[in-house]
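> Hey, dropping final-v3.txt in here, compact mmCIF, C-alpha atoms:
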# COMPACT_ATOMS: atom_id res chain seq x y z
CA MET R 1 72.64 62.00 100.38
CA ASN R 2 71.72 65.38 101.82
CA LEU R 3 75.23 65.91 103.07
CA ARG R 4 76.61 65.18 99.61
CA ARG R 5 74.37 67.87 98.17
CA LEU R 6 75.70 70.33 100.70
CA VAL R 7 79.25 69.48 99.72
CA LEU R 8 78.41 70.68 96.20
CA PHE R 9 77.95 74.19 97.62
CA LEU R 10 81.43 74.20 99.08
CA PRO R 11 83.11 75.72 95.99
CA LEU R 12 80.48 78.48 95.95
CA VAL R 13 81.18 79.29 99.59
CA VAL R 14 84.91 79.37 98.90
CA VAL R 15 84.50 81.63 95.86
CA VAL R 16 82.17 84.05 97.65
CA GLY R 17 84.52 84.17 100.64
CA LEU R 18 87.54 84.78 98.47
CA GLY R 19 85.66 87.42 96.49
CA ALA R 20 84.63 89.25 99.66
CA PHE R 21 88.21 89.15 100.93
CA LEU R 22 89.66 90.49 97.68
CA TYR R 23 86.93 93.11 97.27
CA GLN R 24 87.62 94.46 100.73
CA ARG R 25 91.31 94.86 99.88
CA LEU R 26 90.48 96.65 96.61
CA ASP R 27 90.34 100.07 98.31
CA ASP R 28 93.70 99.62 100.02
CA ASP R 29 96.30 102.23 99.22
CA PRO R 30 99.16 100.27 97.62
CA TYR R 31 101.65 102.79 99.04
CA ALA R 32 100.41 102.47 102.61
CA ARG R 33 102.41 99.94 104.55
CA ASP R 34 103.96 99.86 107.96
CA SER R 35 107.43 101.25 108.24
CA ALA R 36 110.13 98.70 108.85
CA LEU R 37 111.50 101.06 111.50
CA LEU R 38 108.55 101.11 113.93
CA SER R 39 109.72 100.38 117.48
CA ARG R 40 113.34 100.63 116.33
CA PRO R 41 115.88 103.28 117.38
CA PHE R 42 116.26 106.24 115.06
CA PRO R 43 119.16 105.40 112.70
CA ALA R 44 122.60 106.80 113.47
CA PHE R 45 123.66 109.82 111.45
CA SER R 46 126.19 112.62 111.40
CA LEU R 47 124.98 115.61 109.43
CA SER R 48 125.37 119.36 109.30
CA THR R 49 122.40 121.64 109.61
CA LEU R 50 120.77 123.70 106.91
CA GLY R 51 121.88 126.88 108.68
CA ASP R 52 125.41 125.86 109.59
CA PRO R 53 127.63 123.78 107.25
CA GLN R 54 130.18 123.41 110.08
CA ALA R 55 127.71 121.90 112.54
CA SER R 56 127.73 118.17 113.19
CA LEU R 57 124.69 116.61 114.79
CA ASP R 58 123.97 112.98 115.63
CA ALA R 59 121.05 110.91 116.88
CA SER R 60 121.48 112.16 120.45
CA LEU R 61 119.57 115.20 119.16
CA LEU R 62 116.40 113.14 119.47
CA LYS R 63 116.94 111.92 123.03
CA GLY R 64 115.24 113.41 126.05
CA GLN R 65 112.03 114.62 124.47
CA VAL R 66 109.38 113.51 122.03
CA SER R 67 110.16 114.81 118.54
CA LEU R 68 108.47 115.01 115.18
CA VAL R 69 110.90 114.40 112.31
CA ASN R 70 109.72 115.62 108.92
CA VAL R 71 111.59 114.72 105.73
CA TRP R 72 111.12 117.46 103.15
CA GLY R 73 112.78 119.12 100.18
CA GLU R 74 112.44 122.26 98.14
CA TRP R 75 111.73 120.08 95.08
CA CYS R 76 108.70 118.51 96.78
CA PRO R 77 105.40 120.26 95.98
CA THR R 78 103.42 118.38 98.61
CA CYS R 79 105.80 119.68 101.28
CA LYS R 80 104.53 123.21 100.60
CA HIS R 81 100.93 122.17 101.15
CA GLU R 82 101.91 120.39 104.32
CA MET R 83 103.62 123.42 105.88
CA PRO R 84 100.51 124.95 107.53
CA GLN R 85 99.89 121.69 109.39
CA LEU R 86 103.53 121.58 110.53
CA LEU R 87 103.39 125.22 111.65
CA ASP R 88 100.24 124.39 113.61
CA LEU R 89 102.06 121.52 115.36
CA ALA R 90 105.03 123.79 116.12
CA ASN R 91 102.66 126.35 117.66
CA ARG R 92 101.36 123.61 119.95
CA GLY R 93 104.89 123.23 121.30
CA VAL R 94 105.90 120.04 119.47
CA HIS R 95 109.67 119.65 119.09
CA MET R 96 110.09 119.70 115.32
CA VAL R 97 113.16 118.39 113.52
CA GLY R 98 113.40 118.82 109.75
CA VAL R 99 115.45 116.72 107.35
CA ASP R 100 116.18 118.68 104.18
CA TYR R 101 116.39 115.70 101.85
CA LYS R 102 118.34 115.68 98.57
CA ASP R 103 118.30 119.44 98.39
CA LYS R 104 120.56 122.41 97.73
CA ARG R 105 121.35 124.52 100.79
CA ALA R 106 120.29 127.81 99.16
CA LYS R 107 117.06 126.35 97.82
CA GLY R 108 116.20 124.80 101.17
CA ARG R 109 116.71 128.09 102.99
CA GLN R 110 114.66 129.94 100.40
CA PHE R 111 111.85 127.40 100.83
CA LEU R 112 111.69 128.02 104.58
CA GLU R 113 111.68 131.79 104.09
CA GLU R 114 108.81 131.51 101.70
CA PHE R 115 106.59 128.91 103.39
CA GLY R 116 107.55 129.27 107.07
CA ASP R 117 109.95 127.44 109.34
CA PRO R 118 108.32 125.25 112.00
CA PHE R 119 111.56 123.39 112.74
CA SER R 120 113.78 123.96 115.75
CA VAL R 121 116.60 122.46 113.72
CA ASN R 122 117.02 121.25 110.13
CA LEU R 123 119.38 118.41 109.34
CA PHE R 124 120.91 118.85 105.88
CA ASP R 125 120.92 115.53 103.99
CA PRO R 126 121.99 116.37 100.40
CA ASP R 127 122.84 112.77 99.43
CA GLY R 128 119.79 111.29 101.08
CA THR R 129 121.83 108.97 103.32
CA LEU R 130 119.73 109.55 106.44
CA GLY R 131 116.62 109.37 104.27
CA PHE R 132 117.78 106.00 102.95
CA ASP R 133 118.41 104.64 106.45
CA LEU R 134 114.92 105.84 107.40
CA GLY R 135 113.44 103.91 104.48
CA VAL R 136 112.19 107.14 102.92
CA TYR R 137 111.15 106.62 99.30
CA GLY R 138 109.62 110.01 98.63
CA ALA R 139 108.82 113.17 100.50
CA PRO R 140 107.18 114.27 102.66
CA GLU R 141 107.50 111.56 105.26
CA THR R 142 107.03 112.09 108.96
CA PHE R 143 108.25 110.15 112.01
CA LEU R 144 107.31 110.50 115.65
CA VAL R 145 110.24 109.66 117.92
CA ASP R 146 109.86 109.12 121.66
CA ALA R 147 112.17 110.47 124.36
CA GLU R 148 114.32 107.34 124.18
CA GLY R 149 114.98 108.02 120.49
CA VAL R 150 112.75 105.15 119.33
CA ILE R 151 110.54 105.57 116.25
CA ARG R 152 106.92 105.11 117.30
CA TYR R 153 104.94 106.29 114.28
CA HIS R 154 105.57 106.78 110.56
CA HIS R 155 103.39 108.79 108.21
CA THR R 156 104.05 108.45 104.48
CA GLY R 157 103.06 111.39 102.32
CA TYR R 158 100.88 114.44 102.90
CA ILE R 159 99.65 115.22 106.41
CA ARG R 160 96.09 116.51 106.18
CA PRO R 161 94.71 118.82 108.88
CA GLU R 162 92.49 115.95 110.05
CA ASP R 163 95.56 113.71 110.33
CA VAL R 164 97.03 116.21 112.81
CA ARG R 165 93.85 116.13 114.87
CA ASP R 166 93.00 112.43 114.60
CA VAL R 167 96.39 110.73 114.50
CA ILE R 168 99.45 112.89 115.12
CA LEU R 169 98.31 114.70 118.28
CA PRO R 170 96.82 111.59 119.97
CA THR R 171 99.95 109.60 119.11
CA LEU R 172 102.20 112.34 120.48
CA GLU R 173 100.17 112.33 123.67
CA ARG R 174 100.37 108.56 123.94
CA ILE R 175 104.12 108.33 123.50
CA ALA R 176 104.80 111.36 125.72
CA LYS R 177 103.72 109.28 128.72
CA PRO R 178 106.66 107.61 130.46
CA ALA R 179 107.21 104.14 129.09
CA THR R 180 105.23 101.52 130.98
CA GLY R 181 107.55 98.79 129.87
CA ALA R 182 104.87 97.07 127.81
CA ALA R 183 106.26 96.87 124.30
CA GLY R 184 103.13 95.18 122.98
CA GLU R 185 100.94 98.27 122.86
CA GLU R 186 103.21 99.99 120.36
CA ALA R 187 101.71 97.98 117.55
CA SER R 188 98.35 99.74 117.80
CA SER R 189 99.28 102.61 115.47
CA MET S 1 97.48 104.85 38.13
CA LYS S 2 101.09 104.07 38.77
CA SER S 3 101.88 107.66 39.72
CA VAL S 4 98.99 107.71 42.23
CA LEU S 5 100.42 104.60 43.88
CA LYS S 6 103.82 106.23 43.98
CA SER S 7 102.51 109.44 45.52
CA VAL S 8 100.94 107.43 48.35
CA ALA S 9 103.67 104.89 48.85
CA ILE S 10 106.65 107.22 49.10
CA PRO S 11 105.35 109.40 51.97
CA LEU S 12 104.20 106.24 53.74
CA VAL S 13 107.66 104.72 53.57
CA GLN S 14 109.19 108.02 54.68
CA ALA S 15 106.84 108.20 57.65
CA LEU S 16 107.69 104.64 58.63
CA VAL S 17 111.40 105.34 58.50
CA VAL S 18 110.98 108.43 60.70
CA LEU S 19 108.85 106.44 63.16
CA LEU S 20 111.42 103.66 63.36
CA PHE S 21 114.18 106.18 63.96
CA LEU S 22 112.18 107.92 66.71
CA SER S 23 111.35 104.67 68.48
CA TRP S 24 115.02 103.69 68.34
CA LEU S 25 115.90 107.05 69.91
CA ALA S 26 113.27 106.59 72.61
CA ALA S 27 114.51 103.10 73.41
CA GLY S 28 118.05 104.40 73.76
CA LYS S 29 116.86 107.12 76.10
CA ALA S 30 114.89 104.72 78.31
CA GLN S 31 117.96 102.54 78.70
CA ALA S 32 120.15 105.53 79.43
CA ALA S 33 117.93 106.46 82.39
CA ILE S 34 119.17 103.46 84.39
CA GLU S 35 122.87 103.65 85.06
CA VAL S 36 124.86 100.46 84.66
CA HIS S 37 127.14 99.28 87.45
CA GLN S 38 130.08 97.42 85.96
CA PHE S 39 132.05 94.98 88.07
CA ASP S 40 135.45 93.61 87.09
CA ASN S 41 134.46 90.35 88.73
CA PRO S 42 131.84 88.48 86.63
CA VAL S 43 130.53 86.69 89.75
CA LEU S 44 129.81 90.03 91.43
CA GLN S 45 128.17 91.24 88.21
CA LYS S 46 125.91 88.20 88.17
CA ARG S 47 125.01 88.65 91.84
CA TYR S 48 124.31 92.34 91.23
CA ASP S 49 122.02 91.51 88.32
CA SER S 50 120.08 88.89 90.25
CA LEU S 51 119.80 91.06 93.40
CA THR S 52 118.54 94.11 91.52
CA ALA S 53 116.05 91.90 89.67
CA ALA S 54 114.69 90.39 92.91
CA LEU S 55 114.45 93.58 95.00
CA ARG S 56 111.25 95.51 94.55
CA CYS S 57 111.19 99.27 94.17
CA PRO S 58 109.26 100.73 97.14
CA LYS S 59 108.05 103.76 95.21
CA CYS S 60 106.87 102.19 91.97
CA GLN S 61 104.08 99.75 91.25
CA ASN S 62 105.57 96.33 90.75
CA GLN S 63 108.97 97.12 89.31
CA ALA S 64 112.29 95.65 90.34
CA ILE S 65 114.91 98.21 91.31
CA GLY S 66 116.89 97.03 88.27
CA ASP S 67 114.05 98.12 85.98
CA SER S 68 113.02 101.40 87.55
CA ASP S 69 114.34 104.89 86.88
CA SER S 70 112.84 106.32 90.09
CA PRO S 71 115.42 108.06 92.32
CA ILE S 72 114.97 105.64 95.22
CA ALA S 73 115.60 102.66 92.94
CA GLY S 74 118.83 104.36 91.83
CA ASP S 75 119.88 104.84 95.48
CA MET S 76 119.11 101.21 96.22
CA ARG S 77 121.15 100.01 93.21
CA GLN S 78 124.04 102.16 94.40
CA ASN S 79 123.79 100.63 97.88
CA VAL S 80 123.65 97.10 96.44
CA ALA S 81 126.79 97.83 94.40
CA ASN S 82 128.60 99.31 97.43
CA LEU S 83 127.66 96.40 99.67
CA LEU S 84 128.77 93.88 97.03
CA ASN S 85 132.13 95.64 96.77
CA ASP S 86 132.35 95.50 100.58
CA GLY S 87 132.12 91.72 100.31
CA ARG S 88 128.69 91.33 101.91
CA SER S 89 126.62 88.23 101.22
CA ASP S 90 123.34 88.24 99.28
CA SER S 91 121.30 87.63 102.40
CA GLU S 92 123.11 90.41 104.26
CA ILE S 93 122.24 92.78 101.43
CA GLN S 94 118.62 91.65 101.49
CA ASN S 95 118.53 92.13 105.27
CA PHE S 96 119.97 95.61 104.82
CA MET S 97 117.11 96.55 102.48
CA VAL S 98 114.41 94.85 104.56
CA ALA S 99 115.61 96.73 107.66
CA ARG S 100 114.88 100.00 105.87
CA PHE S 101 111.99 99.33 103.51
CA GLY S 102 110.33 96.26 105.02
CA GLU S 103 109.60 92.77 103.71
CA TYR S 104 107.82 94.50 100.84
CA VAL S 105 111.10 94.85 98.91
CA LEU S 106 111.61 91.10 98.61
CA TYR S 107 110.03 89.64 95.50
CA ASN S 108 110.58 86.23 97.08
CA PRO S 109 109.08 86.68 100.55
CA ARG S 110 110.68 84.66 103.30
CA LEU S 111 108.88 81.83 105.02
CA ASP S 112 107.60 83.14 108.36
CA GLY S 113 104.45 83.40 110.46
CA ARG S 114 102.72 85.68 107.97
CA THR S 115 103.79 84.03 104.73
CA TRP S 116 103.34 80.30 105.46
CA LEU S 117 99.95 80.42 103.71
CA LEU S 118 101.54 82.03 100.66
CA TRP S 119 104.20 79.34 100.40
CA GLY S 120 102.19 76.38 101.70
CA GLY S 121 98.84 77.29 100.09
CA PRO S 122 99.52 76.00 96.56
CA ALA S 123 101.00 72.74 97.84
CA ALA S 124 98.07 72.30 100.22
CA LEU S 125 95.59 72.94 97.39
CA ILE S 126 97.30 70.38 95.15
CA ALA S 127 97.25 67.85 97.98
CA LEU S 128 93.56 68.58 98.58
CA GLY S 129 92.80 68.14 94.87
CA LEU S 130 94.66 64.83 94.73
CA LEU S 131 92.80 63.65 97.82
CA ILE S 132 89.42 64.51 96.28
CA VAL S 133 90.31 62.79 92.99
CA ALA S 134 91.46 59.70 94.91
CA LEU S 135 88.23 59.64 96.92
CA ILE S 136 86.11 59.95 93.79
CA VAL S 137 88.04 57.22 91.97
CA ARG S 138 87.76 54.91 94.96
CA ALA S 139 84.04 55.55 95.36
CA ARG S 140 83.40 54.84 91.66
CA ARG S 141 85.45 51.68 91.65
CA ARG S 142 83.66 50.36 94.70
CA ALA S 143 80.24 51.19 93.23
CA ARG S 144 81.09 49.28 90.04
CA VAL S 145 82.26 46.12 91.75
CA ARG S 146 79.78 45.73 94.58
CA ALA S 147 76.93 43.26 94.05
CA LEU S 148 73.38 44.24 94.95
CA ASP S 149 72.05 42.94 98.23
CA ASP S 150 68.64 41.21 98.43
CA ASP S 151 66.79 44.38 99.29
CA GLU S 152 68.24 46.29 96.34
CA GLN S 153 67.66 43.34 94.03
CA ALA S 154 63.99 43.33 95.01
CA ARG S 155 63.68 47.09 94.39
CA LEU S 156 65.37 46.68 91.02
CA SER S 157 62.99 43.91 89.96
CA ALA S 158 60.02 45.99 91.04
CA LEU S 159 61.26 48.95 89.03
CA LEU S 160 61.90 46.81 85.98
CA ASP S 161 58.42 45.26 86.23
CA ARG S 162 56.79 48.65 86.50
CA HIS S 163 58.79 49.90 83.54
CA ARG S 164 57.77 46.90 81.49
CA ASP S 165 54.09 47.53 82.29
CA ALA S 166 54.38 51.21 81.44
CA GLY S 167 56.14 50.35 78.20
CA ASN S 168 53.35 48.01 77.19
CA ALA S 169 50.56 50.43 77.92
CA PRO S 170 50.75 52.52 74.73
CA GLN S 171 50.98 49.34 72.69
CA ASP S 172 47.73 48.16 74.23
CA ALA S 173 46.13 51.44 73.32
CA LYS S 174 47.33 51.11 69.74
CA GLU S 175 45.93 47.59 69.45
CA ARG S 176 42.60 48.79 70.75
CA SER S 177 42.15 51.51 68.16
Using structure tokens, write down the structure from this file.

Amino acid sequence: MNLRRLVLFLPLVVVVGLGAFLYQRLDDDPYARDSALLSRPFPAFSLSTLGDPQASLDASLLKGQVSLVNVWGEWCPTCKHEMPQLLDLANRGVHMVGVDYKDKRAKGRQFLEEFGDPFSVNLFDPDGTLGFDLGVYGAPETFLVDAEGVIRYHHTGYIRPEDVRDVILPTLERIAKPATGAAGEEASS
Amino acid sequence: MKSVLKSVAIPLVQALVVLLFLSWLAAGKAQAAIEVHQFDNPVLQKRYDSLTAALRCPKCQNQAIGDSDSPIAGDMRQNVANLLNDGRSDSEIQNFMVARFGEYVLYNPRLDGRTWLLWGGPAALIALGLLIVALIVRARRRARVRALDDDEQARLSALLDRHRDAGNAPQDAKERS
């Protein structure tokens, strides 16, 4: 008889549990989700640079050293606010690659003159083809690519100064170490 | 009195007509924002329509790429159209999108390690409900049919006796007064 009474509380337990679960997910950012490209090679591309329409660069650009790839555009207001953080990273010696996404060449150049140029090279992606292959659905978006050319971290949206300190720099340090062969630890970001 | 009615009614009708016209304009504009891919082949057209209705726009809250005027949804529609013209299958096109934007873009998530609860949950809940109903029905039926054993019969008689005594008590009191 006592057990039967306890069974009556089962729905309450289920409802409270479900409520706690849903409440905890209430604060989640609906835009934050893991990139589909984590642990995958940087997509193939063949693009000119912002400075040189005759240039033709491909994904071998990202081999041999850890790189930060930032997708930006002159039309993107958040990209302006993000520039000081990117300049800070460049001053720390990070290899910075820009992707000028869905932009006009003149406007992109003007943007860099005005807000600073932390990039060692800027890929010019006027049609957004590389952006599409990267799964970019806005700008700014930032990728950390290891020396093998594999994407190890993806940041969607604005990089705050504390993101540089708490996430970007530690991740850069982690992936700069020679690969230990354990693929499992990549999931921790 | 009639002229007062007229002076109110005419501007009202005019305003309504203007409003209707404006809403028609707005509707036309909203449709114009999403470009239409036309295929000569009606089968391709049908596949395009169903693919763009079942792929979710990564930038917008809960819109299919066929319903959204965000730039990324436009790019995705263009890619769907190109891939269809290349003769790719529906699942190849879905794989193409998932490889770039993640499982998130599928409105019908695939059955895998993370989604078995999503797909199996409702069926499991229905099964659980049926099981509980069956148990209750069986318990009730058994309770109705089963005869009392000697012990229970004795308890029942005792209860009935006590009830009869209690029922008589007030009557006694009434007779006494």
> In Å, rounded to a single decimal, give me how far atom CA of S:Lys59 is from atom CA of S:Ala73.
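It comes out at 8.0 Å.
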> Kindly provide the residues of chain R that approach chain S to within 7 Å, each paired with its closest atom pair and their distance in Å to one decimal, based on only C-alpha atoms, listed by chain and increasing number, as a tab-separated table.

residue	atom	partner	partner_atom	distance
R:Ser35	CA	S:Gly102	CA	6.6
R:Ala36	CA	S:Gly102	CA	4.5
R:Leu37	CA	S:Arg100	CA	6.7
R:Asp133	CA	S:Arg100	CA	5.9
R:Leu134	CA	S:Arg100	CA	6.0
R:Gly135	CA	S:Arg100	CA	4.4
R:Tyr137	CA	S:Ile72	CA	5.7
> For R:Gly108, list every protein, DNA or RNA residue within 9 Å, evaluated using all atoms listed in the file, and leave out those in the same chain fewer than 2 positions away; present the list as a ChimeraX atom specification.
/R:50,73-75,100,103-106,110-113,124
> So, with all atoms listed in the file as the atoms that count, which of S:Leu111, S:Leu156, S:Leu106, S:Ala139 lies closest to S:Ala54?
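Nearest candidate to S:Ala54 out of S:Leu111, S:Leu156, S:Leu106, S:Ala139: S:Leu106.
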> Would you compute the distance between atom CA of S:Glu92 and atom CA of R:Lys63? Give it in Å to one decimal.
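Separation between atom CA of S:Glu92 and atom CA of R:Lys63: 29.2 Å.
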> Which distance in Å separates atom CA of R:Glu148 and atom CA of R:Lys102, to one decimal?
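Here the two named atoms are 27.2 Å from each other.
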> Could you tell me which of S:Val8, S:Leu51, S:Val133, S:Asn41 comes closest to S:Asn95 if we count all atoms listed in the file?
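Among S:Val8, S:Leu51, S:Val133, S:Asn41, it is S:Leu51 that comes nearest to S:Asn95.
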> Could you give me the centre and size, in Å to one decimal, of an axis-aligned box around all listed atoms of stretch 31-41 of chain R with 4 Å added on every side, as lines of an AutoDock Vina configuration file?

center_x = 108.1
center_y = 101.0
center_z = 108.3
size_x = 23.5
size_y = 12.6
size_z = 26.4
> When distances are computed from all atoms listed in the file, which of S:Ala53, S:Ala134, S:Ala158, S:Leu128 shows the smallest separation from S:Tyr107?
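With all atoms listed in the file as the atom set, the closest residue is S:Ala53.
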